[in-house]
>>> print(open('work-v8.cif').read())   # mmCIF, C-alpha atoms and all ligand atoms
data_final
loop_
_atom_site.label_atom_id
_atom_site.label_comp_id
_atom_site.auth_asym_id
_atom_site.auth_seq_id
_atom_site.Cartn_x
_atom_site.Cartn_y
_atom_site.Cartn_z
CA MET A 3 20.65 -8.11 28.94
CA GLU A 4 24.03 -8.36 27.29
CA ILE A 5 24.86 -5.81 24.59
CA ILE A 6 27.31 -7.23 22.06
CA ARG A 7 28.86 -5.26 19.20
CA ILE A 8 31.31 -7.82 17.83
CA PRO A 9 29.93 -10.47 15.44
CA HIS A 10 32.23 -13.34 16.42
CA ILE A 11 31.32 -12.90 20.10
CA VAL A 12 27.63 -13.35 19.24
CA HIS A 13 28.58 -16.34 17.11
CA ASP A 14 30.52 -18.00 19.95
CA THR A 15 27.78 -17.22 22.49
CA SER A 16 25.13 -18.75 20.20
CA ASN A 17 27.27 -21.84 19.64
CA GLY A 18 27.50 -22.26 23.40
CA HIS A 19 23.71 -22.11 23.79
CA LEU A 20 23.14 -24.52 20.90
CA LEU A 21 25.66 -27.00 22.35
CA HIS A 22 23.64 -26.96 25.58
CA GLY A 23 20.50 -27.77 23.58
CA ARG A 24 18.94 -24.30 23.98
CA SER A 25 16.83 -22.90 21.15
CA ILE A 26 17.58 -19.39 19.89
CA GLY A 27 14.90 -16.97 18.69
CA PHE A 28 16.13 -14.04 16.61
CA VAL A 29 14.44 -10.73 15.79
CA PRO A 30 16.36 -8.57 13.30
CA THR A 31 15.40 -4.87 13.36
CA MET A 32 16.64 -1.44 12.34
CA GLY A 33 15.77 0.06 15.75
CA ALA A 34 13.38 2.91 16.66
CA LEU A 35 11.46 0.10 18.32
CA HIS A 36 7.66 0.16 18.61
CA GLU A 37 4.93 -2.29 19.65
CA GLY A 38 5.22 -4.06 16.28
CA HIS A 39 8.83 -5.00 17.00
CA LEU A 40 7.96 -5.88 20.60
CA SER A 41 5.24 -8.30 19.45
CA LEU A 42 7.88 -10.27 17.52
CA ILE A 43 10.12 -10.27 20.58
CA LYS A 44 7.31 -11.51 22.86
CA ARG A 45 6.60 -14.35 20.43
CA SER A 46 10.28 -15.27 20.34
CA LYS A 47 10.44 -15.23 24.15
CA ASP A 48 7.42 -17.57 24.29
CA GLU A 49 8.89 -20.05 21.82
CA ASN A 50 12.63 -20.13 22.58
CA ASP A 51 15.10 -20.49 25.44
CA ILE A 52 17.19 -17.49 24.33
CA THR A 53 16.10 -14.37 22.43
CA ILE A 54 18.55 -12.26 20.46
CA VAL A 55 17.51 -8.93 18.91
CA SER A 56 19.69 -7.10 16.42
CA ILE A 57 19.61 -3.38 15.72
CA PHE A 58 21.42 -2.37 12.56
CA VAL A 59 20.45 0.24 10.00
CA ASN A 60 21.71 -1.55 6.92
CA PRO A 61 23.11 0.89 4.32
CA LEU A 62 22.93 -1.79 1.60
CA GLN A 63 19.12 -1.77 1.50
CA PHE A 64 18.70 2.00 1.05
CA GLY A 65 18.68 3.59 -2.39
CA GLN A 66 20.71 6.75 -3.03
CA SER A 67 17.72 9.04 -2.73
CA GLU A 68 16.32 7.25 0.32
CA ASP A 69 16.36 8.05 4.03
CA PHE A 70 19.47 6.20 5.29
CA ASN A 71 21.01 9.36 6.77
CA LYS A 72 17.86 10.45 8.57
CA TYR A 73 16.54 7.01 9.60
CA PRO A 74 15.34 7.41 13.22
CA GLY A 75 17.67 5.99 15.87
CA ASP A 76 17.56 5.87 19.67
CA ILE A 77 19.81 3.07 20.86
CA GLU A 78 19.48 4.00 24.58
CA GLY A 79 15.68 4.11 24.42
CA ASP A 80 15.62 0.87 22.42
CA ALA A 81 17.93 -0.91 24.87
CA GLU A 82 15.62 0.12 27.72
CA LYS A 83 12.60 -1.36 25.92
CA LEU A 84 14.52 -4.58 25.28
CA ARG A 85 15.57 -4.83 28.93
CA LYS A 86 11.90 -4.56 29.94
CA GLU A 87 11.07 -7.43 27.59
CA GLU A 88 13.90 -9.43 29.20
CA VAL A 89 15.71 -9.96 25.92
CA ASP A 90 18.90 -11.96 26.48
CA ILE A 91 21.20 -10.33 23.94
CA LEU A 92 21.10 -7.09 21.97
CA PHE A 93 23.40 -7.39 18.97
CA ALA A 94 24.20 -3.86 17.79
CA PRO A 95 27.13 -4.26 15.41
CA ASP A 96 29.30 -1.52 14.10
CA LYS A 97 28.96 -1.02 10.33
CA SER A 98 32.68 -1.56 9.74
CA LEU A 99 32.51 -5.00 11.39
CA LEU A 100 29.71 -6.20 9.12
CA TYR A 101 30.94 -4.55 5.93
CA PRO A 102 34.71 -4.25 6.19
CA GLU A 103 36.61 -2.69 3.31
CA GLY A 104 36.58 -5.01 0.33
CA PHE A 105 33.21 -6.61 1.13
CA LEU A 106 31.88 -7.88 -2.22
CA THR A 107 29.27 -10.61 -1.75
CA ARG A 108 25.55 -10.16 -2.39
CA VAL A 109 22.71 -12.60 -1.77
CA GLU A 110 19.84 -12.14 -4.20
CA VAL A 111 16.49 -13.90 -4.45
CA GLY A 112 15.70 -13.36 -8.18
CA LYS A 113 12.23 -12.57 -9.49
CA LEU A 114 10.46 -12.13 -6.13
CA SER A 115 12.73 -9.18 -5.34
CA GLU A 116 11.64 -7.32 -8.47
CA LYS A 117 7.89 -7.31 -7.72
CA LEU A 118 5.88 -4.78 -5.68
CA CYS A 119 8.32 -2.65 -3.63
CA GLY A 120 11.25 -4.05 -5.63
CA ALA A 121 9.99 -2.25 -8.73
CA PHE A 122 10.26 1.09 -6.92
CA ARG A 123 13.29 0.42 -4.70
CA THR A 124 16.02 -0.95 -6.95
CA GLY A 125 18.43 -3.18 -5.05
CA HIS A 126 16.47 -2.91 -1.80
CA PHE A 127 15.76 -6.62 -1.34
CA LYS A 128 19.26 -7.60 -2.40
CA GLY A 129 20.44 -5.45 0.52
CA VAL A 130 17.91 -7.08 2.84
CA THR A 131 18.77 -10.68 1.90
CA THR A 132 22.51 -9.97 2.10
CA ILE A 133 22.28 -8.58 5.64
CA VAL A 134 19.76 -11.19 6.83
CA ALA A 135 21.95 -14.02 5.49
CA LYS A 136 24.94 -12.53 7.32
CA LEU A 137 22.97 -12.09 10.54
CA PHE A 138 21.66 -15.67 10.31
CA ASN A 139 25.24 -16.95 9.94
CA ILE A 140 26.37 -14.93 12.96
CA VAL A 141 23.38 -15.55 15.26
CA LYS A 142 22.60 -19.14 14.18
CA PRO A 143 18.94 -18.88 15.21
CA THR A 144 16.59 -21.82 15.58
CA ARG A 145 13.70 -19.53 14.64
CA ALA A 146 13.64 -16.00 13.18
CA TYR A 147 10.69 -13.61 13.49
CA PHE A 148 9.42 -11.22 10.83
CA GLY A 149 6.32 -9.03 10.55
CA GLN A 150 3.51 -9.51 8.05
CA LYS A 151 3.63 -5.73 7.67
CA ASP A 152 6.59 -6.33 5.32
CA PHE A 153 4.89 -9.21 3.53
CA GLN A 154 7.18 -9.28 0.51
CA GLN A 155 10.25 -9.28 2.74
CA ALA A 156 8.93 -12.32 4.63
CA VAL A 157 8.19 -14.19 1.38
CA ILE A 158 11.70 -13.45 0.09
CA ILE A 159 13.42 -14.49 3.33
CA LYS A 160 11.44 -17.76 3.38
CA LYS A 161 12.58 -18.44 -0.17
CA MET A 162 16.21 -17.63 0.63
CA VAL A 163 16.17 -19.99 3.63
CA LYS A 164 14.66 -22.76 1.50
CA ASP A 165 16.94 -22.27 -1.51
CA LEU A 166 20.11 -22.01 0.60
CA ASP A 167 19.21 -24.90 2.97
CA MET A 168 19.41 -22.69 6.05
CA PRO A 169 18.06 -24.74 9.00
CA ILE A 170 15.93 -21.90 10.39
CA ASP A 171 12.16 -21.66 10.94
CA ILE A 172 10.81 -18.37 9.65
CA VAL A 173 7.86 -17.20 11.77
CA VAL A 174 5.65 -14.44 10.35
CA CYS A 175 3.72 -12.43 12.96
CA PRO A 176 0.58 -10.29 12.51
CA THR A 177 0.77 -6.55 11.83
CA ILE A 178 0.37 -4.39 14.95
CA ARG A 179 -1.66 -1.24 14.31
CA GLU A 180 -2.35 2.16 15.84
CA HIS A 181 -5.86 2.89 17.18
CA ASP A 182 -7.02 4.10 13.75
CA GLY A 183 -5.57 1.08 11.95
CA LEU A 184 -2.34 2.62 10.63
CA ALA A 185 0.33 -0.11 10.64
CA MET A 186 3.03 0.77 13.17
CA SER A 187 6.29 1.69 11.45
CA SER A 188 9.45 3.53 12.43
CA ARG A 189 8.81 5.73 9.38
CA ASN A 190 5.51 6.98 10.86
CA LEU A 191 7.77 9.32 12.87
CA TYR A 192 8.31 11.31 9.64
CA LEU A 193 4.59 12.20 9.40
CA ASN A 194 3.37 15.58 10.63
CA GLU A 195 0.03 15.75 12.44
CA GLU A 196 -2.07 16.18 9.31
CA GLU A 197 -0.22 13.48 7.40
CA ARG A 198 -0.52 11.13 10.36
CA LYS A 199 -4.33 11.53 10.31
CA ALA A 200 -4.45 11.15 6.54
CA ALA A 201 -2.36 7.95 6.65
CA ALA A 202 -5.28 6.07 8.24
CA VAL A 203 -6.80 5.98 4.75
CA ILE A 204 -4.49 3.06 3.89
CA TYR A 205 -6.03 0.68 6.42
CA ARG A 206 -9.55 1.93 5.66
CA CYS A 207 -8.90 1.18 2.00
CA LEU A 208 -7.68 -2.35 2.81
CA VAL A 209 -10.67 -3.10 5.05
CA GLN A 210 -13.22 -1.75 2.56
CA THR A 211 -11.60 -3.57 -0.34
CA SER A 212 -11.51 -6.85 1.55
CA GLU A 213 -15.23 -6.42 2.36
CA MET A 214 -15.94 -5.78 -1.31
CA ILE A 215 -14.04 -8.93 -2.30
CA LYS A 216 -15.84 -10.98 0.35
CA SER A 217 -19.16 -9.74 -1.04
CA GLY A 218 -18.21 -11.30 -4.39
CA ILE A 219 -16.58 -8.52 -6.44
CA ILE A 220 -13.23 -10.06 -7.20
CA SER A 221 -11.90 -8.85 -10.55
CA LYS A 222 -8.51 -7.13 -10.72
CA GLU A 223 -9.89 -4.13 -12.64
CA LYS A 224 -12.69 -3.42 -10.19
CA THR A 225 -10.43 -3.95 -7.18
CA ARG A 226 -7.75 -1.64 -8.55
CA ARG A 227 -10.25 1.09 -9.40
CA PHE A 228 -11.91 0.82 -6.00
CA MET A 229 -8.59 1.02 -4.13
CA LYS A 230 -7.35 3.96 -6.18
CA GLU A 231 -10.58 5.87 -5.59
CA LYS A 232 -10.46 5.25 -1.82
CA LEU A 233 -6.81 6.26 -1.53
CA LEU A 234 -7.06 9.38 -3.68
CA ALA A 235 -10.07 10.58 -1.69
CA GLU A 236 -7.39 11.66 0.79
CA PRO A 237 -5.65 14.74 -0.70
CA LEU A 238 -2.39 14.13 1.19
CA VAL A 239 -1.91 10.84 -0.68
CA ARG A 240 0.58 12.15 -3.24
CA GLU A 241 1.42 9.00 -5.17
CA ILE A 242 0.12 5.45 -5.42
CA GLN A 243 3.01 3.13 -6.28
CA TYR A 244 0.87 0.01 -6.25
CA ALA A 245 -2.54 -1.01 -4.93
CA SER A 246 -4.02 -4.25 -6.18
CA ILE A 247 -4.48 -7.99 -5.60
CA TYR A 248 -1.57 -10.41 -5.75
CA ASP A 249 -0.79 -14.10 -5.36
CA PRO A 250 0.63 -14.35 -1.79
CA GLU A 251 3.30 -16.84 -2.92
CA THR A 252 4.49 -15.57 -6.30
CA LEU A 253 3.58 -11.91 -5.64
CA GLU A 254 2.25 -11.72 -9.23
CA GLU A 255 -0.83 -9.59 -9.74
CA VAL A 256 -3.84 -11.91 -10.14
CA GLU A 257 -6.81 -11.50 -12.48
CA ALA A 258 -9.31 -12.29 -9.75
CA ALA A 259 -9.31 -12.77 -5.98
CA ASP A 260 -11.00 -16.15 -6.27
CA LYS A 261 -8.78 -17.90 -3.69
CA GLU A 262 -6.67 -16.40 -0.92
CA ALA A 263 -5.23 -13.16 -2.26
CA LEU A 264 -2.88 -10.51 -0.97
CA LEU A 265 -4.15 -6.95 -0.99
CA ALA A 266 -1.07 -4.76 -0.98
CA VAL A 267 -0.54 -1.00 -1.06
CA ALA A 268 2.42 1.38 -1.30
CA VAL A 269 1.68 5.10 -1.25
CA LYS A 270 3.38 8.36 -0.44
CA VAL A 271 1.62 10.40 2.21
CA GLY A 272 3.24 13.83 1.99
CA GLY A 273 6.84 12.83 1.33
CA THR A 274 6.73 9.57 3.31
CA ARG A 275 6.45 6.21 1.64
CA LEU A 276 4.14 3.83 3.54
CA ILE A 277 3.21 0.20 2.83
CA ASP A 278 0.53 -2.12 4.16
CA ASN A 279 -1.25 -5.32 3.21
CA MET A 280 -4.00 -7.74 4.14
CA LEU A 281 -4.79 -11.33 3.19
CA VAL A 282 -8.33 -11.86 1.94
CA LYS A 283 -10.46 -14.81 0.87
CA ALA A 284 -13.37 -14.27 -1.52
P1 LIG B 301 12.31 -2.81 10.74
O1 LIG B 301 12.97 -2.33 12.00
O2 LIG B 301 11.36 -1.82 10.14
O3 LIG B 301 13.29 -3.37 9.75
O4 LIG B 301 11.38 -4.04 11.18
C1 LIG B 301 11.91 -5.15 11.85
C2 LIG B 301 10.87 -6.24 11.88
O5 LIG B 301 9.70 -5.77 12.53
C3 LIG B 301 10.43 -6.68 10.46
O6 LIG B 301 10.29 -8.09 10.45
C4 LIG B 301 9.11 -5.99 10.30
O7 LIG B 301 8.24 -6.65 9.41
C5 LIG B 301 8.58 -6.04 11.71
N1 LIG B 301 7.54 -5.01 11.90
C6 LIG B 301 7.63 -3.70 11.57
N2 LIG B 301 6.46 -3.07 11.82
C7 LIG B 301 5.62 -4.01 12.32
C8 LIG B 301 4.26 -4.00 12.75
N3 LIG B 301 3.53 -2.88 12.73
N4 LIG B 301 3.72 -5.15 13.19
C9 LIG B 301 4.45 -6.31 13.20
N5 LIG B 301 5.73 -6.38 12.81
C10 LIG B 301 6.31 -5.26 12.36
#
>>> encode(input="work-v8.cif", output="structure tokens")
Amino acid sequence: MEIIRIPHIVHDTSNGHLLHGRSIGFVPTMGALHEGHLSLIKRSKDENDITIVSIFVNPLQFGQSEDFNKYPGDIEGDAEKLRKEEVDILFAPDKSLLYPEGFLTRVEVGKLSEKLCGAFRTGHFKGVTTIVAKLFNIVKPTRAYFGQKDFQQAVIIKKMVKDLDMPIDIVVCPTIREHDGLAMSSRNLYLNEEERKAAAVIYRCLVQTSEMIKSGIISKEKTRRFMKEKLLAEPLVREIQYASIYDPETLEEVEAADKEALLAVAVKVGGTRLIDNMLVKA
């Protein structure tokens, strides 16, 4: 595996592969890699000639009071995992090469970025779309892989690619979970033992709510009440930021889950913000 830190070297390498007719799969990450990330990488390996993974903790997508400075990082451990997966290139750019002094441009996908997590993390998705657009321009992928775990992010990236005519297939892969259903996340490392156990309530809530909807109870009010009750039954759930049913394309809250709906949750367990979601059909 080649480790490249300089954007234009990745760009030239990708151009070379594309000229030879090779497809490029790309998996952007912020590191602290777990099985969720690796599932995206395996899919990219299956579907492309070359797989490029990036590791970059993007300051632009963190709010002032968020965890940028303590975000978990282990570049050596991550590189080892990527070697085992036989990734072709690890792109681990230096911050100053991506955001040199005087960097001004932002890429923003309007309305969709204000819903759900966007309402609680001002500017977050603008940071995400700006870095992903830059990485796409550098890596020039044929396909790029994202997790359903960050459902809103995937919807926004798909919209950006469509609106900006980027010739890239966005592939959304299923959420990989721990044995008790908790969605794998680098931020799970912040949880202490008790909080880690308590966090399983999120997946239980999603499963029970989807069963309720499948049994025919589909109104927004009932769904919201049910989810709130389930989540607050766990005392370490400190705050529910949202928990309801949404249209999976517009991300608007829907009155009833009468066609395919997105169940989505954001809560704080102890001091850690966790998100999860599930698609459900009544
Ligand atoms: P991150 O490093 O958290 O920015 O995540 C990088 C990519 O991995 C994103 O596309 C995430 O949606 C995806 N991802 C994170 N956790 C999981 C998971 N548990 N299952 C599947 N994909 C995931």
>>> residues_near_ligand(input="work-v8.cif", ligand="ligand LIG 301 (chain B)", cutoff="10 Å", atoms="all atoms listed in the file", output="ChimeraX atom specification")
/A:29-43,55-60,130,146-156,173-180,183-189,278
>>> atom_distance(input="work-v8.cif", atom1="atom CA of A:Val141", atom2="atom CA of A:Met3")
15.8 Å
>>> residues_around(input="work-v8.cif", residues="stretch 11-23 of chain A", least_positions_apart="4", cutoff="9 Å", atoms="all atoms listed in the file", output="list in words")
Ile6, Arg7, Asp51, Ile52, Ile91, Phe93, Asn139, Ile140, Val141, Lys142, Pro143 and Thr144 of chain A
>>> axis_aligned_box(input="work-v8.cif", around="stretch 78-97 of chain A", padding_each_side="8 Å", output="JSON")
{"center_x": 20.2, "center_y": -3.9, "center_z": 20.1, "size_x": 34.2, "size_y": 32.1, "size_z": 35.6}
>>> closest_residue(input="work-v8.cif", among="A:Glu110, A:Glu197, A:Glu257, A:Asp76", to="A:Asp165", atoms="all atoms listed in the file")
A:Glu110
>>> closest_residue(input="work-v8.cif", among="A:Pro250, A:Gly273, A:Gly65, A:Gly218", to="A:Leu238", atoms="all atoms listed in the file")
A:Gly273
>>> closest_residue(input="work-v8.cif", among="A:Glu255, A:Glu49, A:Glu88, A:Glu68", to="A:Glu223", atoms="only C-alpha atoms")
A:Glu255
>>> residues_around(input="work-v8.cif", residues="A:Arg108", least_positions_apart="6", cutoff="8 Å", atoms="only C-alpha atoms", output="PDB file with C-alpha atoms, in the coordinates of the input")
ATOM      1  CA  LYS A 128      19.260  -7.600  -2.400  1.00  0.00           C
ATOM      2  CA  GLY A 129      20.440  -5.450   0.520  1.00  0.00           C
ATOM      3  CA  THR A 132      22.510  -9.970   2.100  1.00  0.00           C
TER       4      THR A 132
END
>>> residues_around(input="work-v8.cif", residues="A:Tyr205", least_positions_apart="2", cutoff="10 Å", atoms="all atoms listed in the file", output="MDAnalysis selection string")
chainID A and resid 179 182:185 201:203 207:211 233 267 277:280
>>> atom_distance(input="work-v8.cif", atom1="atom CA of A:Arg123", atom2="atom CA of A:Leu253")
15.7 Å
>>> closest_residue(input="work-v8.cif", among="A:Ala81, A:Ile170, A:Ile247, A:Val239", to="A:Lys283", atoms="only C-alpha atoms")
A:Ile247
>>> atom_distance(input="work-v8.cif", atom1="atom CA of A:Phe70", atom2="atom CA of A:Val271")
18.6 Å
>>> residues_around(input="work-v8.cif", residues="A:Ser98", least_positions_apart="4", cutoff="12 Å", atoms="all atoms listed in the file", output="compact mmCIF listing (two decimals) with C-alpha atoms, keeping the file's coordinate frame")
# COMPACT_ATOMS: atom_id res chain seq x y z
CA ARG A 7 28.86 -5.26 19.20
CA ILE A 8 31.31 -7.82 17.83
CA PRO A 9 29.93 -10.47 15.44
CA PHE A 58 21.42 -2.37 12.56
CA ASN A 60 21.71 -1.55 6.92
CA PRO A 61 23.11 0.89 4.32
CA ALA A 94 24.20 -3.86 17.79
CA PRO A 102 34.71 -4.25 6.19
CA GLU A 103 36.61 -2.69 3.31
CA GLY A 104 36.58 -5.01 0.33
CA PHE A 105 33.21 -6.61 1.13
>>> closest_residue(input="work-v8.cif", among="A:Ala259, A:Ile204, A:Leu193, A:Met214", to="A:Ile242", atoms="only C-alpha atoms")
A:Ile204
